[in-house]
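Asks: Structure incoming, see below.
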Amino acid sequence: MEGQASLDVQKIREDFPIFSRAPRGKPLVYLDSAATSQKPRQVIEAVKRFYEEYNSNVHRGIYSISIEATEAYEEARRRIARFINARSHREIVFVRGTTEALNLVAYAWALRKLKKDDKILLTEMEHHSNIVPWQLIAREKGLKLEYIPIRGDGTLDTSGLDSYHDFRIFSFVYSSNVLGTINDVKQLVRFAHSRGALAVIDAAQAVPHMKIDVQELDCDFLAFSGHKMLGPTGIGVLYAKRELLEEMEPFMGGGEMIREVHLHESRWNDVPWKFEAGTPNIAGAIGLKAAVDYLEGIGMDNVRMHEISLTRYATELLMEIPGMRIYGPLNPEKRSGLLAFTLGDIHAHDLATFLDEEGICVRAGHHCAMPIHTRLGVPATTRASFYVYNTHEDIERLAEALKKAAQVFKIV
Ligand code: C6P
């Protein structure tokens, strides 16, 4: 795909109130969208409208505003189903975010279906939320974890795939939050299925940035977070094939996930509501729908092309800086719109603090992916991540500030 920017970034920026701020006395350069994205007025307004005009609980009230809230909440589910091309809204479970979605699969499917010594396959490029839940259930159930390694260039080393057998679930990241690497997820799903295993995709860094079609991928589960795609925090999605949801026991018990409750037994609600115990994040779901409307208004192909263009430009400018080392594949077509890097021996936190003085927000640390950093042999990296509201000028400001840091910290 050619990285030609075909979206009107200046117009987009006008929708984001935060860009009128200048916390360091300089126009804000926000390069931390992989951690959480900024929110357009349309999302903020949708949430505000809910609270101001029809705030009430869903699925419970038999009065007008509760019916309105229920309709808006369920319309959000249908909208999200269409966005990722799920077969039906019944395959969309609202959760708090990717972390909860992956925990749901680990606890409600794997913990209950797997037996001692069963294997779970992961990759070395996972975020902690796609490692730790599996470790927790592995410890409890005596399961075994195996990892597909990463090559030196930050891509997944699939050369030895044939040697992995007898795993029951393969859970992998679509696009790494550190390396930027976009995995060949279709191939990985096919591989899981060829071994009779389920395929789980952590799409936290993919759904916000590119067109995702779960039917085409044929994955069994796919997890993502609303707050990384212009939506509110505290809302996310677990997509699951309906037959899997039907055969799974609930994750949490409580109100709304039941059909009948007796003192010694209960019967569950239909899917997906069986997995949504308690009052859900109604405002969050409504805000997420507004975010999906906004993204589709831009067009996901345009989002992706814009990010390729920004990543290409950033790679070019950053590579000119002495001491710069970018991790992951350098071809912008093969990575998502983020760059994690080190600059000489400047500690990532010092660099991020220096950039903050210039009004530039980046993330520094291990980005909740310590095993990747262990593999790279660095304790921490600085990461700049891009989204629809970033401009080529933002990239220039970043490059200028990094050059200045290289001088101040005396990097040769
Ligand atoms: N990564 C980052 O700065 P939650 O926190 O549940 O919304 O998403 C977790 C998660 C799972 N997988 C991947 C690939 C992710 O990048 C994230 C979140 C943020 O990189 C915050 S640690």
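In the structure tokens, each chain is lettered A, B, ... as it comes, each chain's residues begin at 1, and ligands are numbered from 1 in order of appearance.
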Collect all residues with atoms no farther than 9 Å from ligand 1, counting only C-alpha atoms and all ligand atoms, and output them as an MDAnalysis selection string.
Replies: chainID A and resid 32:36 96:102 125:130 173:178 202:206 223:228 233:236 363 366:369 383
Asks: Could the residues of region 207-310 of chain A that have an atom at most 6 Å from region 79-95 of chain A be listed as a Markdown table, each with its closest atom pair and the distance in Å to one decimal, counting only C-alpha atoms and ordered by chain and ascending residue number?
Replies:
```
| residue | atom | partner | partner_atom | distance |
| --- | --- | --- | --- | --- |
| A:Ile212 | CA | A:Ile84 | CA | 5.3 |
| A:Asp213 | CA | A:Ile84 | CA | 5.0 |
| A:Val214 | CA | A:Ile84 | CA | 5.9 |
| A:Ile235 | CA | A:Val95 | CA | 5.8 |
| A:Gly236 | CA | A:Val95 | CA | 5.0 |
| A:Val237 | CA | A:Phe94 | CA | 4.9 |
| A:Leu238 | CA | A:Val93 | CA | 5.1 |
| A:Tyr239 | CA | A:Ile92 | CA | 4.9 |
| A:Ala240 | CA | A:Glu91 | CA | 5.3 |
| A:Lys241 | CA | A:Glu91 | CA | 5.9 |
| A:Arg242 | CA | A:Glu91 | CA | 5.3 |
| A:Pro272 | CA | A:Arg90 | CA | 5.4 |
```
Asks: Give me every strand (DSSP E) residue in region 70-261 of chain A, going by DSSP on the backbone, as a short mmCIF file (atom, residue, chain, number, x, y, z; two decimals) with N, CA and C atoms, in the first residue's frame.
Replies:
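For reference, result-v4.cif as written:
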```cif
data_model
loop_
_atom_site.label_atom_id
_atom_site.label_comp_id
_atom_site.auth_asym_id
_atom_site.auth_seq_id
_atom_site.Cartn_x
_atom_site.Cartn_y
_atom_site.Cartn_z
N ILE A 92 -20.27 -9.98 19.84
CA ILE A 92 -19.55 -8.85 20.42
C ILE A 92 -19.83 -8.78 21.92
N VAL A 93 -18.81 -9.00 22.73
CA VAL A 93 -18.96 -8.89 24.18
C VAL A 93 -18.29 -7.59 24.60
N PHE A 94 -19.02 -6.74 25.30
CA PHE A 94 -18.40 -5.53 25.84
C PHE A 94 -17.65 -5.86 27.12
N VAL A 95 -16.40 -5.41 27.16
CA VAL A 95 -15.54 -5.62 28.33
C VAL A 95 -14.87 -4.27 28.62
N LYS A 119 -0.93 -27.60 26.29
CA LYS A 119 -0.03 -26.48 25.96
C LYS A 119 -0.78 -25.27 25.41
N ILE A 120 -0.23 -24.13 25.76
CA ILE A 120 -0.72 -22.86 25.20
C ILE A 120 0.45 -22.25 24.45
N LEU A 121 0.21 -21.84 23.21
CA LEU A 121 1.29 -21.25 22.41
C LEU A 121 1.11 -19.73 22.35
N LEU A 122 2.22 -19.03 22.60
CA LEU A 122 2.23 -17.56 22.55
C LEU A 122 3.43 -17.14 21.70
N THR A 123 3.68 -15.85 21.62
CA THR A 123 4.89 -15.41 20.92
C THR A 123 5.70 -14.53 21.89
N LYS A 144 1.20 -25.87 30.12
CA LYS A 144 2.55 -25.50 29.68
C LYS A 144 2.46 -24.35 28.67
N LEU A 145 3.37 -23.41 28.80
CA LEU A 145 3.41 -22.29 27.85
C LEU A 145 4.61 -22.45 26.94
N GLU A 146 4.39 -22.22 25.64
CA GLU A 146 5.50 -22.22 24.69
C GLU A 146 5.45 -20.91 23.92
N TYR A 147 6.64 -20.46 23.49
CA TYR A 147 6.71 -19.16 22.81
C TYR A 147 7.40 -19.28 21.47
N ILE A 148 6.82 -18.68 20.45
CA ILE A 148 7.51 -18.56 19.16
C ILE A 148 8.47 -17.37 19.27
N PHE A 167 -0.68 -28.03 20.94
CA PHE A 167 -1.16 -26.92 21.77
C PHE A 167 -2.65 -26.77 21.51
N ARG A 168 -3.36 -26.27 22.50
CA ARG A 168 -4.82 -26.18 22.36
C ARG A 168 -5.27 -24.78 22.00
N ILE A 169 -4.40 -23.82 22.30
CA ILE A 169 -4.77 -22.44 22.02
C ILE A 169 -3.50 -21.70 21.60
N PHE A 170 -3.65 -20.84 20.60
CA PHE A 170 -2.51 -20.03 20.14
C PHE A 170 -2.98 -18.58 20.22
N SER A 171 -2.34 -17.82 21.09
CA SER A 171 -2.75 -16.43 21.28
C SER A 171 -1.60 -15.51 20.89
N PHE A 172 -1.87 -14.59 19.99
CA PHE A 172 -0.77 -13.78 19.44
C PHE A 172 -1.23 -12.37 19.12
N VAL A 173 -0.23 -11.49 19.08
CA VAL A 173 -0.52 -10.08 18.84
C VAL A 173 -0.60 -9.83 17.33
N LEU A 198 -7.39 -23.31 18.96
CA LEU A 198 -8.11 -22.06 18.77
C LEU A 198 -7.12 -20.92 18.56
N ALA A 199 -7.51 -19.93 17.76
CA ALA A 199 -6.65 -18.77 17.50
C ALA A 199 -7.24 -17.54 18.18
N VAL A 200 -6.43 -16.93 19.04
CA VAL A 200 -6.85 -15.72 19.76
C VAL A 200 -5.95 -14.58 19.28
N ILE A 201 -6.56 -13.46 18.90
CA ILE A 201 -5.74 -12.33 18.43
C ILE A 201 -5.87 -11.14 19.37
N ASP A 202 -4.71 -10.65 19.81
CA ASP A 202 -4.67 -9.40 20.56
C ASP A 202 -4.54 -8.29 19.51
N PHE A 221 -11.17 -15.76 18.58
CA PHE A 221 -11.37 -14.63 19.49
C PHE A 221 -10.50 -13.47 18.99
N LEU A 222 -10.97 -12.26 19.24
CA LEU A 222 -10.17 -11.08 18.89
C LEU A 222 -10.49 -9.99 19.91
N ALA A 223 -9.43 -9.40 20.47
CA ALA A 223 -9.61 -8.45 21.58
C ALA A 223 -9.12 -7.06 21.19
N PHE A 224 -9.86 -6.03 21.59
CA PHE A 224 -9.36 -4.65 21.39
C PHE A 224 -9.97 -3.69 22.40
N SER A 225 -9.36 -2.50 22.48
CA SER A 225 -9.73 -1.49 23.49
C SER A 225 -10.28 -0.24 22.81
N GLY A 236 -14.12 -1.92 25.93
CA GLY A 236 -13.37 -2.67 24.92
C GLY A 236 -14.25 -3.80 24.44
N VAL A 237 -13.69 -4.60 23.59
CA VAL A 237 -14.50 -5.62 22.93
C VAL A 237 -13.77 -6.96 22.91
N LEU A 238 -14.51 -8.00 23.21
CA LEU A 238 -14.06 -9.34 22.87
C LEU A 238 -14.98 -9.83 21.76
N TYR A 239 -14.39 -10.03 20.58
CA TYR A 239 -15.13 -10.70 19.52
C TYR A 239 -14.90 -12.20 19.73
N ALA A 240 -15.93 -13.00 19.59
CA ALA A 240 -15.77 -14.46 19.65
C ALA A 240 -16.78 -15.10 18.73
N ILE A 258 -27.98 -13.44 33.79
CA ILE A 258 -28.78 -14.63 34.13
C ILE A 258 -30.15 -14.57 33.47
N ARG A 259 -30.74 -15.74 33.37
CA ARG A 259 -32.15 -15.81 32.97
C ARG A 259 -33.01 -16.08 34.21
N GLU A 260 -32.51 -17.01 35.03
CA GLU A 260 -33.22 -17.35 36.28
C GLU A 260 -32.19 -17.59 37.36
N VAL A 261 -32.49 -17.14 38.57
CA VAL A 261 -31.60 -17.45 39.70
C VAL A 261 -32.43 -18.09 40.81
#
```
Asks: Among region 81-301 of chain A, which ones does DSSP place in helix (DSSP H, G or I), written as JSON, numbers by chain?
Replies: {"A": [81, 82, 83, 89, 90, 91, 98, 99, 100, 101, 102, 103, 104, 105, 106, 107, 108, 109, 110, 111, 112, 113, 128, 129, 130, 132, 133, 134, 135, 136, 137, 138, 139, 140, 141, 158, 159, 160, 161, 162, 163, 185, 186, 187, 188, 189, 190, 191, 192, 193, 194, 214, 215, 216, 217, 226, 227, 228, 242, 243, 244, 245, 246, 247, 273, 274, 275, 282, 283, 284, 285, 286, 287, 288, 289, 290, 291, 292, 293, 294, 295, 296, 297, 298, 300, 301]}
Asks: Applying 9 Å and only C-alpha atoms, which residues near region 252-257 of chain A remain after dropping the ones on its own chain fewer than 5 positions away? List them as a list in words.
Replies: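 With the cut-off at 9 Å, the set is His59, Arg60, Leu104, Ala108, Arg267, Trp268, Asn269, Asp270, Val271, Pro272, Trp273, Lys274, Phe275, Glu276, Ala277, Gly278 and Thr279 of chain A.
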Asks: With C-alpha atoms retained, export the selected residues as an mmCIF file, in the first residue's frame.
Replies:
```
data_model
loop_
_atom_site.group_PDB
_atom_site.id
_atom_site.type_symbol
_atom_site.label_atom_id
_atom_site.label_comp_id
_atom_site.auth_asym_id
_atom_site.auth_seq_id
_atom_site.Cartn_x
_atom_site.Cartn_y
_atom_site.Cartn_z
ATOM 1 C CA HIS A 59 -31.968 -3.819 29.894
ATOM 2 C CA ARG A 60 -33.798 -3.062 33.147
ATOM 3 C CA LEU A 104 -12.055 -13.653 29.796
ATOM 4 C CA ALA A 108 -13.833 -18.748 30.825
ATOM 5 C CA ARG A 267 -29.612 -20.378 34.242
ATOM 6 C CA TRP A 268 -27.683 -18.042 32.023
ATOM 7 C CA ASN A 269 -28.787 -15.301 29.704
ATOM 8 C CA ASP A 270 -28.235 -15.614 25.949
ATOM 9 C CA VAL A 271 -24.891 -14.681 24.452
ATOM 10 C CA PRO A 272 -23.292 -12.195 24.539
ATOM 11 C CA TRP A 273 -25.153 -10.881 27.619
ATOM 12 C CA LYS A 274 -24.139 -14.022 29.524
ATOM 13 C CA PHE A 275 -20.689 -12.448 29.650
ATOM 14 C CA GLU A 276 -21.753 -8.970 30.734
ATOM 15 C CA ALA A 277 -22.427 -9.272 34.457
ATOM 16 C CA GLY A 278 -23.479 -6.125 36.284
ATOM 17 C CA THR A 279 -24.181 -2.650 34.976
#
```
Asks: Between A:Val378, A:Ala340, A:Ala405, A:Ala291, which is the closest to Thr353 (chain A) once you count only C-alpha atoms?
Replies: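 Nearest candidate to Thr353 (chain A) out of A:Val378, A:Ala340, A:Ala405, A:Ala291: A:Ala405.
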Asks: Of the candidates A:Arg151, A:Pro379, A:Phe191, A:Thr342, which one gets nearest to Ser163 (chain A) if we count only C-alpha atoms?
Replies: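 Of the candidates, the smallest distance to Ser163 (chain A) is held by A:Phe191.
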Asks: Taking only C-alpha atoms into account, name the residue in A:Val29, A:Cys361, A:Leu179, A:Val105 that is nearest to Arg375 (chain A).
Replies: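 Ranking A:Val29, A:Cys361, A:Leu179, A:Val105 by distance to Arg375 (chain A), first place goes to A:Leu179.
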Asks: What gap, in Å, lies between CA of Thr311 (chain A) and CA of Arg190 (chain A)?
Replies: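 Value for the CA of Thr311 (chain A)-CA of Arg190 (chain A) distance: 29.5 Å.
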Asks: Dump as a Markdown table the rows for residues of region 269-312 of chain A within 7 Å of region 3-22 of chain A: closest atom pair and distance in Å with one decimal, only C-alpha atoms counted, ordered by chain and rising residue number.
Replies:
```
| residue | atom | partner | partner_atom | distance |
| --- | --- | --- | --- | --- |
| A:Asn302 | CA | A:Ser6 | CA | 6.2 |
| A:Met305 | CA | A:Gly3 | CA | 4.6 |
| A:His306 | CA | A:Ala5 | CA | 4.5 |
| A:Ile308 | CA | A:Gly3 | CA | 4.9 |
| A:Ser309 | CA | A:Gly3 | CA | 4.5 |
```
Asks: Pick the closest to Leu295 (chain A) from A:Ile282, A:Val43, A:Ala110, A:Leu245: which is it, counting only C-alpha atoms?
Replies: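 Looking only at the distances to Leu295 (chain A), the closest residue turns out to be A:Val43.
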Asks: Measuring atom to atom with only C-alpha atoms, identify which of A:Lys211, A:Asp166, A:Met248, A:Phe354 is nearest to Leu402 (chain A).
Replies: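 Looking only at the distances to Leu402 (chain A), the closest residue turns out to be A:Phe354.
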Asks: Restricting the calculation to only C-alpha atoms, which member of A:Thr381, A:Gln407, A:Ser194, A:Asn57 is positioned closest to Asp162 (chain A)?
Replies: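 Under the stated criterion, the closest residue is A:Ser194.
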Asks: Determine, counting only C-alpha atoms, which protein, DNA and RNA residues have an atom within 10 Å of an atom of Arg397 (chain A); residues of the same chain fewer than 2 positions away are not included. Present the result as a VMD selection string.
Replies: chain A and resid 29 355 358 to 360 391 to 395 399 to 403
Asks: Could you save the residues just selected, with C-alpha atoms, as a compact mmCIF listing (two decimals), in the first residue's frame?
Replies:
```txt
# COMPACT_ATOMS: atom_id res chain seq x y z
CA VAL A 29 2.66 17.27 19.94
CA LEU A 355 10.88 15.84 24.90
CA GLU A 358 9.56 20.66 24.13
CA GLY A 359 5.82 19.96 24.36
CA ILE A 360 6.18 16.47 22.90
CA THR A 391 1.07 15.90 11.06
CA HIS A 392 4.38 15.80 9.26
CA GLU A 393 5.21 18.91 11.27
CA ASP A 394 4.78 16.87 14.49
CA ILE A 395 7.41 14.49 13.15
CA ALA A 399 13.25 14.99 15.06
CA GLU A 400 14.45 18.51 15.95
CA ALA A 401 13.99 17.84 19.66
CA LEU A 402 15.85 14.53 19.40
CA LYS A 403 18.73 16.23 17.59
```
Asks: CA of Leu339 (chain A) to CA of Glu320 (chain A): how many Å, to one decimal?
Replies: 14.6 Å
